[in-house]
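Comments concern the structure below.
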Amino acid sequence: MKFSFRTTPEIHFGAGSLAEAPAAVARLGRRCLLVSGRFSLERSGKLAQIEDGLRAQGVALSRYRVDGEPDLVVADEGARVAREGGCDVVLAIGGGSVIDAAKAAAALATNEGAAIDYVEAVGAGKSITRAPLPLVAVPTTAGSGSEVTKNSVLRVPELRVKRSIRSDLMVPRVAIVDPALIATAPRSVAASSGLDALTHLVEAYLSKGAQPMTDVLVVPGITLAYRALGALAEDRATDESHEAMALAALWGGIALANAGLGAVHGLVAPLGGFCGVPHGAGCGCLLPATFATNVAALRARAPAHPALARAHEVADLLLPRDAPDRSPERAADAFRALRDKLGVPPLRGYGVGEADLASIIAGSRAGSMRSNPIELTDDELEGILRRTLDG
């Protein structure tokens, strides 16, 4: 047995833990780049509370707002604001896009060049060699796990792709996960981000990189996420289910960073780049058909593969004990039913059509696809996409 494991060195979890952010920032620096989304935190008054807390700690502020999924320009501009403000610490409060933008800005602020120089596969091949500005990450959605990962996903608009800047140095210094913040997310956002987290957990469990340190998080995490999303789908979410979803998302982020993912994330990257499909919703769309296709491929070509046994274990986690059929195929049906109850539309609802499929498949082979438990053929990938276009 051989594996490596890395994660954020300091994690604070629990309702009300947002209040710990100013002191965490003050331990790391005196001039802070505060990265946030455009409106929701400001309207709630929580952003003003954090700003007041930072000033009370003697921390000076520079502000940077991120609107939507970040691209190269957003990353470069964030780095510029940090350098011009003389910032020595970064605080990111927002969804995965905000935290990804902050991670890129923190790295670029201390390393020469522009974002395109460091982006995998399409950039100049440079590596992050200098320690980024220390980052305190506070997620406001339960999904991406970006608060505990080492990469920043950025759009490259001119190539219509999404790619990462990635370095072990980019793992945030502190993660603060406050379920009370997550509870305020709109239902549609909570649904798509939660499906992203569930996909992280499932894919990390089946991944070629699955390992004991991630398995101990993933197995209970799948149950937590599935039940919490079920409560959301039936409009019976509670403080307890929000807490469960926040914890599952945190564990999913740790798992993906150490075990890798699979074909869902291999496909969703070009879907986002070529077709503008939101990441979490794309994961929710693709998970049922991808899970079923992986199971069929394993049964046909690698019936002794440990991932097939793990797929059976996923079914055991999801399906009622008295169900007459507790096979992985029925687990795929359960994923599909959950997605439909949450109101996530199929891919065609985001403008994806048959004419896009070849480009999506061609763009899916890098990154996460390499960790899929079995190599899927182009025909199998096309089958996933076709089954997901309308249902």
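So you can find residues: chains in the structure tokens are A, B, ... in the order shown, residues in each start at 1, and ligands are numbered from 1 in order.
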(request) Could you find all residues in segment 59-246 of chain A that DSSP calls helix (DSSP H, G or I) from the backbone, and write them as a ChimeraX atom specification? (result) /A:72-84,96-108,115-117,146-148,157-159,168-170,179-182,187-206,212-233,239-246
How close does segment 198-279 of chain A get to segment 171-178 of chain A? List, as a tab-separated table, each residue of segment 198-279 of chain A within 10 Å, its nearest atom pair and the distance in Å to one decimal, counting only C-alpha atoms.
residue	atom	partner	partner_atom	distance
A:His242	CA	A:Asp178	CA	9.7
A:Glu243	CA	A:Asp178	CA	8.2
A:Ala246	CA	A:Val177	CA	7.2
A:Leu247	CA	A:Val177	CA	8.2
A:Ala249	CA	A:Val177	CA	9.8
A:Leu250	CA	A:Val177	CA	7.9
A:Ala257	CA	A:Val171	CA	9.8
Extract, using only C-alpha atoms, all DNA, RNA and protein residues at most 12 Å from segment 207-213 of chain A, discarding same-chain residues fewer than 4 positions from it, and format them as a PDB file with C-alpha atoms, in the first residue's frame.
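And here is the file that came out, part38.pdb:
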ATOM      1  CA  MET A   1       0.000   0.000   0.000  1.00  0.00           C
ATOM      2  CA  LYS A   2       1.349   3.415  -0.960  1.00  0.00           C
ATOM      3  CA  PHE A   3      -0.397   6.784  -1.033  1.00  0.00           C
ATOM      4  CA  SER A   4       0.059  10.501  -0.363  1.00  0.00           C
ATOM      5  CA  PHE A   5      -2.386  12.790   1.397  1.00  0.00           C
ATOM      6  CA  ARG A   6      -2.508  16.584   1.599  1.00  0.00           C
ATOM      7  CA  THR A   7      -5.136  19.024   2.749  1.00  0.00           C
ATOM      8  CA  THR A 199     -20.346  13.536  -7.550  1.00  0.00           C
ATOM      9  CA  HIS A 200     -16.961  14.279  -5.953  1.00  0.00           C
ATOM     10  CA  LEU A 201     -17.621  11.654  -3.294  1.00  0.00           C
ATOM     11  CA  VAL A 202     -18.836   8.961  -5.681  1.00  0.00           C
ATOM     12  CA  GLU A 203     -16.108   9.526  -8.260  1.00  0.00           C
ATOM     13  CA  LEU A 217     -14.382  10.282   4.424  1.00  0.00           C
ATOM     14  CA  VAL A 218     -16.126   9.268   1.221  1.00  0.00           C
ATOM     15  CA  VAL A 219     -18.245   6.384   2.518  1.00  0.00           C
ATOM     16  CA  TRP A 251     -14.991  15.743   2.729  1.00  0.00           C
ATOM     17  CA  ILE A 254     -10.473  16.555   0.494  1.00  0.00           C
ATOM     18  CA  ALA A 255     -11.219  13.331  -1.368  1.00  0.00           C
ATOM     19  CA  LEU A 256     -11.022  14.759  -4.881  1.00  0.00           C
ATOM     20  CA  ALA A 257      -7.751  16.515  -4.084  1.00  0.00           C
ATOM     21  CA  ASN A 258      -6.126  13.249  -3.037  1.00  0.00           C
ATOM     22  CA  ALA A 259      -7.917  10.482  -4.967  1.00  0.00           C
ATOM     23  CA  GLY A 260      -8.889  12.188  -8.217  1.00  0.00           C
ATOM     24  CA  LEU A 261     -12.260  12.035  -9.956  1.00  0.00           C
ATOM     25  CA  GLY A 262     -13.537  10.446 -13.170  1.00  0.00           C
ATOM     26  CA  ALA A 263     -15.560  10.657 -16.350  1.00  0.00           C
ATOM     27  CA  VAL A 264     -18.254  13.007 -15.021  1.00  0.00           C
ATOM     28  CA  HIS A 265     -15.662  15.687 -14.404  1.00  0.00           C
ATOM     29  CA  PHE A 291     -22.230   5.729 -13.133  1.00  0.00           C
ATOM     30  CA  ASN A 294     -18.894   2.661 -15.809  1.00  0.00           C
ATOM     31  CA  HIS A 305     -11.973  -4.793 -10.887  1.00  0.00           C
ATOM     32  CA  PRO A 306     -12.319  -3.472  -7.315  1.00  0.00           C
ATOM     33  CA  ALA A 307     -14.290  -0.480  -8.588  1.00  0.00           C
ATOM     34  CA  LEU A 308     -17.178  -2.790  -9.476  1.00  0.00           C
ATOM     35  CA  ARG A 310     -17.250  -0.379  -4.789  1.00  0.00           C
ATOM     36  CA  ALA A 311     -20.162   0.433  -7.104  1.00  0.00           C
ATOM     37  CA  SER A 368     -10.128  13.926 -14.472  1.00  0.00           C
ATOM     38  CA  MET A 369     -10.843  11.351 -17.184  1.00  0.00           C
ATOM     39  CA  ARG A 370      -7.460   9.757 -16.461  1.00  0.00           C
ATOM     40  CA  SER A 371      -8.652   8.718 -12.991  1.00  0.00           C
ATOM     41  CA  ASN A 372     -11.822   7.001 -14.194  1.00  0.00           C
ATOM     42  CA  PRO A 373     -11.748   3.358 -13.042  1.00  0.00           C
ATOM     43  CA  ILE A 374     -11.860   2.042 -16.608  1.00  0.00           C
ATOM     44  CA  GLU A 375     -11.096   3.719 -19.933  1.00  0.00           C
TER      45      GLU A 375
END
(request) Rounded to one decimal place, report the atom CA of Gly363 of chain A-atom CA of Asp117 of chain A distance in Å. (result)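 We find that atom CA of Gly363 of chain A and atom CA of Asp117 of chain A lie 20.3 Å from each other.
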(message) as a list of chain:residue names, please: the residues near Ala121 of chain A (cut-off 10 Å, only C-alpha atoms, same-chain neighbours under 4 positions excluded).
(response)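 Final neighbour list, sorted by chain and number: A:Gly125, A:Arg163, A:Ser164, A:Ile165, A:Ala366, A:Gly367.
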(message) I'd like the contact shell of segment 140-148 of chain A - 7 Å cut-off, only C-alpha atoms, skipping same-chain residues fewer than 3 positions apart - returned as a ChimeraX atom specification.
(response) /A:7-8,93-96,99-100,137,171-172,175,181-182,185,190,193-194,196-197,245-246,249-250,252-254
